[in-house]
Amino acid sequence: MKKVLLINTNIEKGPYPVPPLGLCMLAACLEDSYQVRIYDGVFDEGRGLVEEVQQFNPDFIGFSIRNIDDVVIDRVIFYIDDILEKFIQPVKKITNVPIILGGSGFSIFPVELMELTGADFGIVGEAEEILPALLLRIQHNQDPSDLPNLITAKALKISKESGFSNIKPTGMRFSEIDRWIDFRPYQPKGVYSIQTKRGCSHGCIYCTYPLIEGRKFRTRAPANIADEIEQASKRLGYITFEFVDSTFNDPRGHAESICREIIKKNIRVRLRTMGINPRHSSEELFELMLKAGFVQIDATPDSASPRMLHNLDKGFSLPEIEKMALMIKKINIPTMWFFLFGGPGENEDTFRETLDFIDNYISPADMVYMNTGLRIYPNTPLFDIAVKEGRIAPGQSLFQQAAYYFSDKISRNRLNELIKEASLLRHNCLSSAETKPSPAMMAEANTLRKNSEVQEPVFRTLLKIRKRWREEGKI
Ligand code: B12
C-alpha cells in the first residue's frame, strides 16, 4: 500500500486551538486504499516533522494551509512565513515525493501559495473526491490536469471550476479526529469540530465562504450528525462540540432536525456554534438548541443599521435581528455578538443605529465584539467595489499585503474613537484589540468558576469581573 502523510501547518492557538477537521475527513476517505498518517503541527510546531517523514517514508505529502493571516487589523500576523520555515522547507529538503496543497486559506490564494512553496499540486476547496483521483493519476503516470479545482505547478491556474456541487455530504464519513491525532492537548480549551453541511448561498459582500465551500447548501443527514456526536462523546466523555458551518441554521429547518436527533439520543454534550441567521431563527429553534445541549452561540449580524445591512448584502433585515435578539434574551441562551464597522457607506449615523440596537436589545450579560475594517479578498463583491473606487488595482494581490476596506464617510480614527467610547460606557462591549482577557482577569475567573462550580460560559464570568473591576475603578 502506498503511503500518504497529511500535515497540519496551523500553529495558531488563539482564541483556542482548533483540530484539523478537514485533514481528518480526508484521511478517513483515503484509508481504504492508502496507509495514511496525520502530522499535527498545532502543538509540536514542526519540531518532530523531519523525523516523522524519515520514519514513515511517505509516497505523497499533503500540506493543509488554513490561515493566511489573523485578520486583526492593528496587529496583523502573517502565518505563511512560519509555514514555509517550520513545515514546507524542511520537508522539501529531505524528500522529492509529490507535494500537494489544500485547505481554506490555500483556497483563497492558490496561485500565490503554489508559487511561494513550489508545490506540485493544489486543490481548491473540498478534496474528498479530487485528492484520491489525483493520487491515482500520479501513480499511473496519467495527466491529472482535467480534474476540477486542481492547480498544478506546470500550469499555475485552476483547471476548471466545478462549482463544488459534486459531493453530496448526506452520509459523510466521520472524521474521528481523536483517532488521527492526539486530541488530549485540545481538551482543556478546545472543541471537537463538527460540520453539518457544505456551502453557503448568502452573498455577504466581503465573505470567502462561498468561494471555499461553494454557493449551494449541501446538507448532511441529521441522524448521521447525531451519530457522530454520540460516538465521539462515548470515546471522549463530556466534551464540547462546535459546529463549524458558515451559518448553523441554514437552510431553514436543518438545525431543528439536528437538535431533535441529538435530543432523541439523550446524550450529555456541550454544544456551541458560530453564525446564527436571524431570518431562520425562532423560539422553537432556540428551545431545541438549549434542550440538545447548546451552552453558547455566536450571533454575527455585522451591523444593525438598515442601510449597512443592505450595503453588506446580509440577506436579512433589522426587524429580523431585533426579533432574534428578543428571543435570545427571553430564552437566555448565552450569546457572543459580533459587529463589523467601516463597510461601504458606514458613517456616524449608521454606527449609532447599531449602538442603539446594542443598548435596546442585547443583554448586558452577553458579550459584544466591535471590529473595524473589512479584509478585502479576491473574487468577492467587496473586491470589485474597492477596484471601482480606486482603492486597489484590478489585478492586485492581497495575499502578503492585506488591504482593508474603510468607508470614506467616517475616518478610521473617528470609528476607533466611537468604539472606545462605547466600550468605556458598556462593560460588555469590547474592541477587537481587547479580545484577550488579562492573565489577572483570567486567574480570577478560574477561581470564581472553581469555587462556585458555575456552568455558564467563561465569557459571562469574565464580563461579571469586568463590570466589578470597572465599578471598583481597577480598569
Ligand atoms: C469554523 C471557522 C472558525 C472557528 C473554528 C472552530 C473550530 N472548532 O474549528 C473559529 C471561530 C474559532 C475560527 C477562528 C479563526 N479563524 Co476561522 N474559520 C472557520 C471556517 C468558517 C470553517 C473552517 C472549517 O472547519 N471548515 C470545515 C473543514 C472540514 O474544512 P477544511 O478544514 O477547510 O478542509 C477541507 C478543504 O479545505 C480541503 N483541505 C483541507 N486541508 C487540505 C490539505 C490538502 C493537501 C488538500 C488537498 C485539501 C485540504 O479538504 C477538506 C475536506 O473537504 C473558515 C471558512 C471556511 N468556510 O472554510 C474560517 C477561516 C479558516 N478562518 C479564518 C481565520 C483568519 C481565523 C482566525 C485566525 C481569526 C482570528 N483572528 O481569531 C482564527 C484562527 C483559529 C485557529 N486556532 O486556527 C480565515 C482564514 C483566511 C485568512 N485570512 O487567513 C477563514 C478562511 C475565514 C475567512 N476570513 O475567510 N474560525
# chains A, B, ... in the order shown; residues from 1 in each chain; ligands from 1
>>> select_by_dssp(residues="stretch 269-459 of chain A", states="strand (DSSP E)", output="PDB file with N, CA, C and O atoms, in the first residue's frame")
ATOM      1  N   ARG A 270     -21.910  19.226  25.503  1.00  0.00           N
ATOM      2  CA  ARG A 270     -21.939  20.696  25.418  1.00  0.00           C
ATOM      3  C   ARG A 270     -21.791  21.040  23.948  1.00  0.00           C
ATOM      4  O   ARG A 270     -20.889  20.527  23.277  1.00  0.00           O
ATOM      5  N   LEU A 271     -22.671  21.930  23.464  1.00  0.00           N
ATOM      6  CA  LEU A 271     -22.615  22.296  22.047  1.00  0.00           C
ATOM      7  C   LEU A 271     -22.470  23.802  21.914  1.00  0.00           C
ATOM      8  O   LEU A 271     -22.959  24.550  22.767  1.00  0.00           O
ATOM      9  N   ARG A 272     -21.777  24.223  20.874  1.00  0.00           N
ATOM     10  CA  ARG A 272     -21.744  25.650  20.557  1.00  0.00           C
ATOM     11  C   ARG A 272     -21.657  25.839  19.049  1.00  0.00           C
ATOM     12  O   ARG A 272     -21.317  24.905  18.322  1.00  0.00           O
ATOM     13  N   THR A 273     -21.972  27.027  18.622  1.00  0.00           N
ATOM     14  CA  THR A 273     -21.925  27.253  17.183  1.00  0.00           C
ATOM     15  C   THR A 273     -21.591  28.690  16.836  1.00  0.00           C
ATOM     16  O   THR A 273     -21.818  29.598  17.634  1.00  0.00           O
ATOM     17  N   PHE A 294     -26.856  23.058  23.815  1.00  0.00           N
ATOM     18  CA  PHE A 294     -26.108  24.276  23.465  1.00  0.00           C
ATOM     19  C   PHE A 294     -25.836  25.106  24.715  1.00  0.00           C
ATOM     20  O   PHE A 294     -26.746  25.360  25.508  1.00  0.00           O
ATOM     21  N   VAL A 295     -24.569  25.474  24.892  1.00  0.00           N
ATOM     22  CA  VAL A 295     -24.212  26.307  26.043  1.00  0.00           C
ATOM     23  C   VAL A 295     -23.927  27.738  25.609  1.00  0.00           C
ATOM     24  O   VAL A 295     -23.916  28.645  26.423  1.00  0.00           O
ATOM     25  N   GLN A 296     -23.648  27.938  24.346  1.00  0.00           N
ATOM     26  CA  GLN A 296     -23.466  29.303  23.852  1.00  0.00           C
ATOM     27  C   GLN A 296     -23.558  29.348  22.339  1.00  0.00           C
ATOM     28  O   GLN A 296     -23.337  28.346  21.657  1.00  0.00           O
ATOM     29  N   ILE A 297     -23.907  30.529  21.826  1.00  0.00           N
ATOM     30  CA  ILE A 297     -23.962  30.708  20.371  1.00  0.00           C
ATOM     31  C   ILE A 297     -23.261  32.024  20.004  1.00  0.00           C
ATOM     32  O   ILE A 297     -23.061  32.884  20.868  1.00  0.00           O
ATOM     33  N   ASP A 298     -22.915  32.144  18.734  1.00  0.00           N
ATOM     34  CA  ASP A 298     -22.411  33.418  18.215  1.00  0.00           C
ATOM     35  C   ASP A 298     -23.488  33.997  17.309  1.00  0.00           C
ATOM     36  O   ASP A 298     -24.054  33.281  16.477  1.00  0.00           O
ATOM     37  N   ALA A 299     -23.755  35.286  17.460  1.00  0.00           N
ATOM     38  CA  ALA A 299     -24.658  35.968  16.530  1.00  0.00           C
ATOM     39  C   ALA A 299     -23.811  36.992  15.783  1.00  0.00           C
ATOM     40  O   ALA A 299     -23.127  37.804  16.403  1.00  0.00           O
ATOM     41  N   THR A 300     -23.823  36.921  14.462  1.00  0.00           N
ATOM     42  CA  THR A 300     -22.907  37.754  13.675  1.00  0.00           C
ATOM     43  C   THR A 300     -23.648  38.588  12.640  1.00  0.00           C
ATOM     44  O   THR A 300     -23.409  38.444  11.440  1.00  0.00           O
ATOM     45  N   PRO A 301     -24.543  39.478  13.100  1.00  0.00           N
ATOM     46  CA  PRO A 301     -25.267  40.275  12.095  1.00  0.00           C
ATOM     47  C   PRO A 301     -24.381  41.309  11.418  1.00  0.00           C
ATOM     48  O   PRO A 301     -24.774  41.883  10.414  1.00  0.00           O
ATOM     49  N   ASP A 302     -23.200  41.604  11.971  1.00  0.00           N
ATOM     50  CA  ASP A 302     -22.252  42.596  11.441  1.00  0.00           C
ATOM     51  C   ASP A 302     -22.706  44.034  11.666  1.00  0.00           C
ATOM     52  O   ASP A 302     -21.902  44.918  11.938  1.00  0.00           O
ATOM     53  N   THR A 335     -24.832  34.417  24.493  1.00  0.00           N
ATOM     54  CA  THR A 335     -24.515  34.778  23.105  1.00  0.00           C
ATOM     55  C   THR A 335     -23.360  35.766  23.014  1.00  0.00           C
ATOM     56  O   THR A 335     -23.289  36.719  23.777  1.00  0.00           O
ATOM     57  N   MET A 336     -22.475  35.508  22.075  1.00  0.00           N
ATOM     58  CA  MET A 336     -21.438  36.494  21.744  1.00  0.00           C
ATOM     59  C   MET A 336     -21.878  37.155  20.447  1.00  0.00           C
ATOM     60  O   MET A 336     -22.110  36.465  19.446  1.00  0.00           O
ATOM     61  N   TRP A 337     -21.965  38.475  20.472  1.00  0.00           N
ATOM     62  CA  TRP A 337     -22.407  39.223  19.291  1.00  0.00           C
ATOM     63  C   TRP A 337     -21.192  39.831  18.587  1.00  0.00           C
ATOM     64  O   TRP A 337     -20.254  40.280  19.253  1.00  0.00           O
ATOM     65  N   PHE A 338     -21.234  39.842  17.266  1.00  0.00           N
ATOM     66  CA  PHE A 338     -20.114  40.399  16.501  1.00  0.00           C
ATOM     67  C   PHE A 338     -20.610  41.468  15.532  1.00  0.00           C
ATOM     68  O   PHE A 338     -21.535  41.222  14.755  1.00  0.00           O
ATOM     69  N   PHE A 339     -19.987  42.638  15.605  1.00  0.00           N
ATOM     70  CA  PHE A 339     -20.324  43.721  14.674  1.00  0.00           C
ATOM     71  C   PHE A 339     -19.054  44.180  13.956  1.00  0.00           C
ATOM     72  O   PHE A 339     -17.962  44.176  14.544  1.00  0.00           O
ATOM     73  N   LEU A 340     -19.233  44.550  12.715  1.00  0.00           N
ATOM     74  CA  LEU A 340     -18.112  44.903  11.862  1.00  0.00           C
ATOM     75  C   LEU A 340     -18.379  46.274  11.260  1.00  0.00           C
ATOM     76  O   LEU A 340     -19.299  46.413  10.449  1.00  0.00           O
ATOM     77  N   PHE A 341     -17.605  47.269  11.690  1.00  0.00           N
ATOM     78  CA  PHE A 341     -17.872  48.644  11.243  1.00  0.00           C
ATOM     79  C   PHE A 341     -16.890  49.079  10.161  1.00  0.00           C
ATOM     80  O   PHE A 341     -15.737  48.648  10.157  1.00  0.00           O
ATOM     81  N   MET A 367     -21.703  39.196  25.529  1.00  0.00           N
ATOM     82  CA  MET A 367     -20.517  39.900  25.021  1.00  0.00           C
ATOM     83  C   MET A 367     -20.806  40.514  23.643  1.00  0.00           C
ATOM     84  O   MET A 367     -21.473  39.894  22.814  1.00  0.00           O
ATOM     85  N   VAL A 368     -20.227  41.706  23.417  1.00  0.00           N
ATOM     86  CA  VAL A 368     -20.372  42.347  22.104  1.00  0.00           C
ATOM     87  C   VAL A 368     -18.976  42.707  21.585  1.00  0.00           C
ATOM     88  O   VAL A 368     -18.263  43.492  22.214  1.00  0.00           O
ATOM     89  N   TYR A 369     -18.582  42.109  20.469  1.00  0.00           N
ATOM     90  CA  TYR A 369     -17.298  42.456  19.852  1.00  0.00           C
ATOM     91  C   TYR A 369     -17.508  43.483  18.756  1.00  0.00           C
ATOM     92  O   TYR A 369     -18.393  43.317  17.904  1.00  0.00           O
ATOM     93  N   MET A 370     -16.702  44.541  18.790  1.00  0.00           N
ATOM     94  CA  MET A 370     -16.851  45.603  17.784  1.00  0.00           C
ATOM     95  C   MET A 370     -15.557  45.704  16.981  1.00  0.00           C
ATOM     96  O   MET A 370     -14.528  46.133  17.512  1.00  0.00           O
ATOM     97  N   ASN A 371     -15.623  45.262  15.744  1.00  0.00           N
ATOM     98  CA  ASN A 371     -14.425  45.272  14.888  1.00  0.00           C
ATOM     99  C   ASN A 371     -14.527  46.357  13.826  1.00  0.00           C
ATOM    100  O   ASN A 371     -15.624  46.770  13.469  1.00  0.00           O
ATOM    101  N   THR A 372     -13.372  46.771  13.318  1.00  0.00           N
ATOM    102  CA  THR A 372     -13.403  47.745  12.223  1.00  0.00           C
ATOM    103  C   THR A 372     -12.575  47.249  11.046  1.00  0.00           C
ATOM    104  O   THR A 372     -11.593  46.530  11.226  1.00  0.00           O
ATOM    105  N   LEU A 374     -12.801  45.908   6.818  1.00  0.00           N
ATOM    106  CA  LEU A 374     -13.150  44.628   6.198  1.00  0.00           C
ATOM    107  C   LEU A 374     -11.984  44.172   5.334  1.00  0.00           C
ATOM    108  O   LEU A 374     -11.590  44.876   4.392  1.00  0.00           O
ATOM    109  N   ARG A 375     -11.432  42.990   5.649  1.00  0.00           N
ATOM    110  CA  ARG A 375     -10.351  42.430   4.837  1.00  0.00           C
ATOM    111  C   ARG A 375     -10.902  42.219   3.434  1.00  0.00           C
ATOM    112  O   ARG A 375     -11.962  41.612   3.263  1.00  0.00           O
ATOM    113  N   TYR A 404      -7.536  46.519   3.690  1.00  0.00           N
ATOM    114  CA  TYR A 404      -8.792  46.578   4.454  1.00  0.00           C
ATOM    115  C   TYR A 404      -9.645  47.706   3.913  1.00  0.00           C
ATOM    116  O   TYR A 404      -9.130  48.773   3.569  1.00  0.00           O
ATOM    117  N   TYR A 405     -10.942  47.460   3.858  1.00  0.00           N
ATOM    118  CA  TYR A 405     -11.858  48.488   3.363  1.00  0.00           C
ATOM    119  C   TYR A 405     -12.355  49.332   4.532  1.00  0.00           C
ATOM    120  O   TYR A 405     -12.784  48.813   5.555  1.00  0.00           O
ATOM    121  N   CYS A 429     -19.099  45.609  25.983  1.00  0.00           N
ATOM    122  CA  CYS A 429     -18.637  45.889  24.612  1.00  0.00           C
ATOM    123  C   CYS A 429     -17.111  45.920  24.551  1.00  0.00           C
ATOM    124  O   CYS A 429     -16.470  46.624  25.335  1.00  0.00           O
ATOM    125  N   LEU A 430     -16.544  45.182  23.622  1.00  0.00           N
ATOM    126  CA  LEU A 430     -15.088  45.118  23.506  1.00  0.00           C
ATOM    127  C   LEU A 430     -14.652  45.435  22.084  1.00  0.00           C
ATOM    128  O   LEU A 430     -15.296  44.996  21.127  1.00  0.00           O
ATOM    129  N   SER A 431     -13.537  46.139  21.966  1.00  0.00           N
ATOM    130  CA  SER A 431     -12.994  46.354  20.625  1.00  0.00           C
ATOM    131  C   SER A 431     -12.132  45.149  20.266  1.00  0.00           C
ATOM    132  O   SER A 431     -11.763  44.366  21.147  1.00  0.00           O
TER     133      SER A 431
END
>>> select_by_dssp(residues="stretch 299-395 of chain A", states="helix (DSSP H, G or I)", output="PyMOL selection string")
chain A and resi 306-311+318-331+348-361+381-388
>>> write_last_selection(atoms="N, CA and C atoms", output="short mmCIF file (atom, residue, chain, number, x, y, z; two decimals), in the first residue's frame")
data_model
loop_
_atom_site.label_atom_id
_atom_site.label_comp_id
_atom_site.auth_asym_id
_atom_site.auth_seq_id
_atom_site.Cartn_x
_atom_site.Cartn_y
_atom_site.Cartn_z
N PRO A 306 -30.09 49.54 9.04
CA PRO A 306 -30.75 49.04 7.81
C PRO A 306 -29.93 49.34 6.57
N ARG A 307 -29.32 50.54 6.51
CA ARG A 307 -28.56 50.88 5.31
C ARG A 307 -27.34 49.95 5.17
N MET A 308 -26.66 49.70 6.29
CA MET A 308 -25.47 48.86 6.21
C MET A 308 -25.81 47.39 5.93
N LEU A 309 -26.94 46.95 6.48
CA LEU A 309 -27.35 45.55 6.19
C LEU A 309 -27.56 45.39 4.69
N HIS A 310 -28.11 46.44 4.09
CA HIS A 310 -28.32 46.41 2.65
C HIS A 310 -26.98 46.47 1.93
N ASN A 311 -26.12 47.42 2.33
CA ASN A 311 -24.84 47.58 1.63
C ASN A 311 -23.95 46.34 1.76
N LEU A 318 -33.30 44.54 9.75
CA LEU A 318 -33.20 44.93 11.16
C LEU A 318 -34.33 44.31 12.00
N PRO A 319 -35.61 44.39 11.54
CA PRO A 319 -36.65 43.75 12.36
C PRO A 319 -36.37 42.27 12.63
N GLU A 320 -35.75 41.60 11.66
CA GLU A 320 -35.45 40.17 11.89
C GLU A 320 -34.36 40.01 12.96
N ILE A 321 -33.38 40.92 12.96
CA ILE A 321 -32.34 40.83 14.01
C ILE A 321 -32.97 41.15 15.37
N GLU A 322 -33.84 42.17 15.39
CA GLU A 322 -34.48 42.55 16.66
C GLU A 322 -35.31 41.39 17.22
N LYS A 323 -36.04 40.75 16.33
CA LYS A 323 -36.87 39.62 16.77
C LYS A 323 -35.97 38.51 17.35
N MET A 324 -34.87 38.25 16.66
CA MET A 324 -33.97 37.20 17.14
C MET A 324 -33.39 37.58 18.50
N ALA A 325 -33.01 38.86 18.63
CA ALA A 325 -32.39 39.30 19.89
C ALA A 325 -33.37 39.15 21.06
N LEU A 326 -34.64 39.48 20.81
CA LEU A 326 -35.64 39.35 21.88
C LEU A 326 -35.80 37.88 22.29
N MET A 327 -35.74 36.99 21.30
CA MET A 327 -35.87 35.56 21.62
C MET A 327 -34.65 35.08 22.42
N ILE A 328 -33.48 35.54 22.01
CA ILE A 328 -32.25 35.15 22.70
C ILE A 328 -32.30 35.60 24.16
N LYS A 329 -32.80 36.82 24.36
CA LYS A 329 -32.90 37.37 25.71
C LYS A 329 -33.91 36.57 26.54
N LYS A 330 -35.05 36.31 25.92
CA LYS A 330 -36.13 35.61 26.64
C LYS A 330 -35.67 34.19 27.04
N ILE A 331 -35.07 33.51 26.08
CA ILE A 331 -34.68 32.12 26.34
C ILE A 331 -33.35 32.08 27.12
N GLU A 348 -21.32 58.09 10.85
CA GLU A 348 -21.59 58.18 12.28
C GLU A 348 -23.05 57.77 12.59
N ASP A 349 -23.96 58.10 11.67
CA ASP A 349 -25.36 57.73 11.92
C ASP A 349 -25.55 56.22 11.91
N THR A 350 -24.96 55.55 10.94
CA THR A 350 -25.16 54.09 10.86
C THR A 350 -24.50 53.43 12.08
N PHE A 351 -23.36 53.99 12.52
CA PHE A 351 -22.70 53.47 13.72
C PHE A 351 -23.67 53.56 14.90
N ARG A 352 -24.31 54.73 15.03
CA ARG A 352 -25.21 54.95 16.18
C ARG A 352 -26.46 54.07 16.09
N GLU A 353 -26.89 53.77 14.87
CA GLU A 353 -28.04 52.85 14.74
C GLU A 353 -27.70 51.48 15.34
N THR A 354 -26.49 51.03 15.06
CA THR A 354 -26.08 49.73 15.62
C THR A 354 -25.95 49.82 17.14
N LEU A 355 -25.40 50.93 17.60
CA LEU A 355 -25.25 51.11 19.05
C LEU A 355 -26.62 51.13 19.75
N ASP A 356 -27.60 51.77 19.12
CA ASP A 356 -28.96 51.78 19.69
C ASP A 356 -29.49 50.37 19.82
N PHE A 357 -29.22 49.59 18.80
CA PHE A 357 -29.68 48.19 18.85
C PHE A 357 -29.01 47.47 20.03
N ILE A 358 -27.71 47.67 20.17
CA ILE A 358 -26.97 47.01 21.26
C ILE A 358 -27.62 47.39 22.61
N ASP A 359 -27.90 48.69 22.77
CA ASP A 359 -28.46 49.16 24.03
C ASP A 359 -29.87 48.62 24.29
N ASN A 360 -30.63 48.51 23.23
CA ASN A 360 -32.04 48.17 23.43
C ASN A 360 -32.34 46.68 23.36
N TYR A 361 -31.45 45.91 22.76
CA TYR A 361 -31.82 44.51 22.53
C TYR A 361 -30.86 43.48 23.10
N PRO A 381 -17.51 40.51 -3.98
CA PRO A 381 -18.08 41.80 -4.41
C PRO A 381 -17.33 42.99 -3.81
N LEU A 382 -16.80 42.84 -2.59
CA LEU A 382 -16.08 43.95 -1.98
C LEU A 382 -14.81 44.28 -2.77
N PHE A 383 -14.19 43.27 -3.34
CA PHE A 383 -13.00 43.47 -4.17
C PHE A 383 -13.38 44.38 -5.34
N ASP A 384 -14.51 44.06 -5.98
CA ASP A 384 -14.95 44.85 -7.15
C ASP A 384 -15.27 46.28 -6.73
N ILE A 385 -15.91 46.44 -5.58
CA ILE A 385 -16.23 47.79 -5.09
C ILE A 385 -14.93 48.58 -4.88
N ALA A 386 -13.96 47.91 -4.24
CA ALA A 386 -12.69 48.58 -3.93
C ALA A 386 -11.94 48.97 -5.21
N VAL A 387 -12.05 48.12 -6.24
CA VAL A 387 -11.41 48.44 -7.53
C VAL A 387 -12.11 49.65 -8.15
N LYS A 388 -13.43 49.59 -8.15
CA LYS A 388 -14.24 50.66 -8.75
C LYS A 388 -13.94 51.99 -8.07
#
>>> residues_around(residues="A:Leu424", least_positions_apart="2", cutoff="12 Å", atoms="only C-alpha atoms", output="count of residues only")
19
>>> atom_distance(atom1="atom CA of A:Gly48", atom2="atom CA of A:Pro20")
17.4 Å
>>> closest_residue(among="A:Asp32, A:Asp59, A:Asp44, A:Asp81", to="A:Gln139", atoms="only C-alpha atoms")
A:Asp59
>>> residues_around(residues="A:Asn57", least_positions_apart="4", cutoff="12 Å", atoms="only C-alpha atoms", output="list in words")
Lys2, Lys3, Val4, Leu5, Gln35, Val36, Arg37, Leu49, Val50, Glu51, Glu52, Val53, Ile61, Val91, Ile94, Thr95, Asn96 and Val97 of chain A
>>> closest_residue(among="A:Glu287, A:Asp250, A:Glu242, A:Asp146", to="ligand 1", atoms="only C-alpha atoms and all ligand atoms")
A:Glu242
>>> closest_residue(among="A:Asp227, A:Asp366, A:Asp245, A:Asp82", to="ligand 1", atoms="only C-alpha atoms and all ligand atoms")
A:Asp245
>>> atom_distance(atom1="atom 33 (O, counted along the ligand's line) of ligand 1", atom2="atom CA of A:Ser145")
22.0 Å
>>> residues_around(residues="stretch 178-184 of chain A", least_positions_apart="5", cutoff="9 Å", atoms="only C-alpha atoms", output="count of residues only")
13
>>> atom_distance(atom1="atom 41 (N, counted along the ligand's line) of ligand 1", atom2="atom CA of A:Asn379")
20.6 Å
>>> closest_residue(among="A:Lys314, A:Lys86, A:Arg173, A:Lys291", to="A:Asn266", atoms="only C-alpha atoms")
A:Lys291
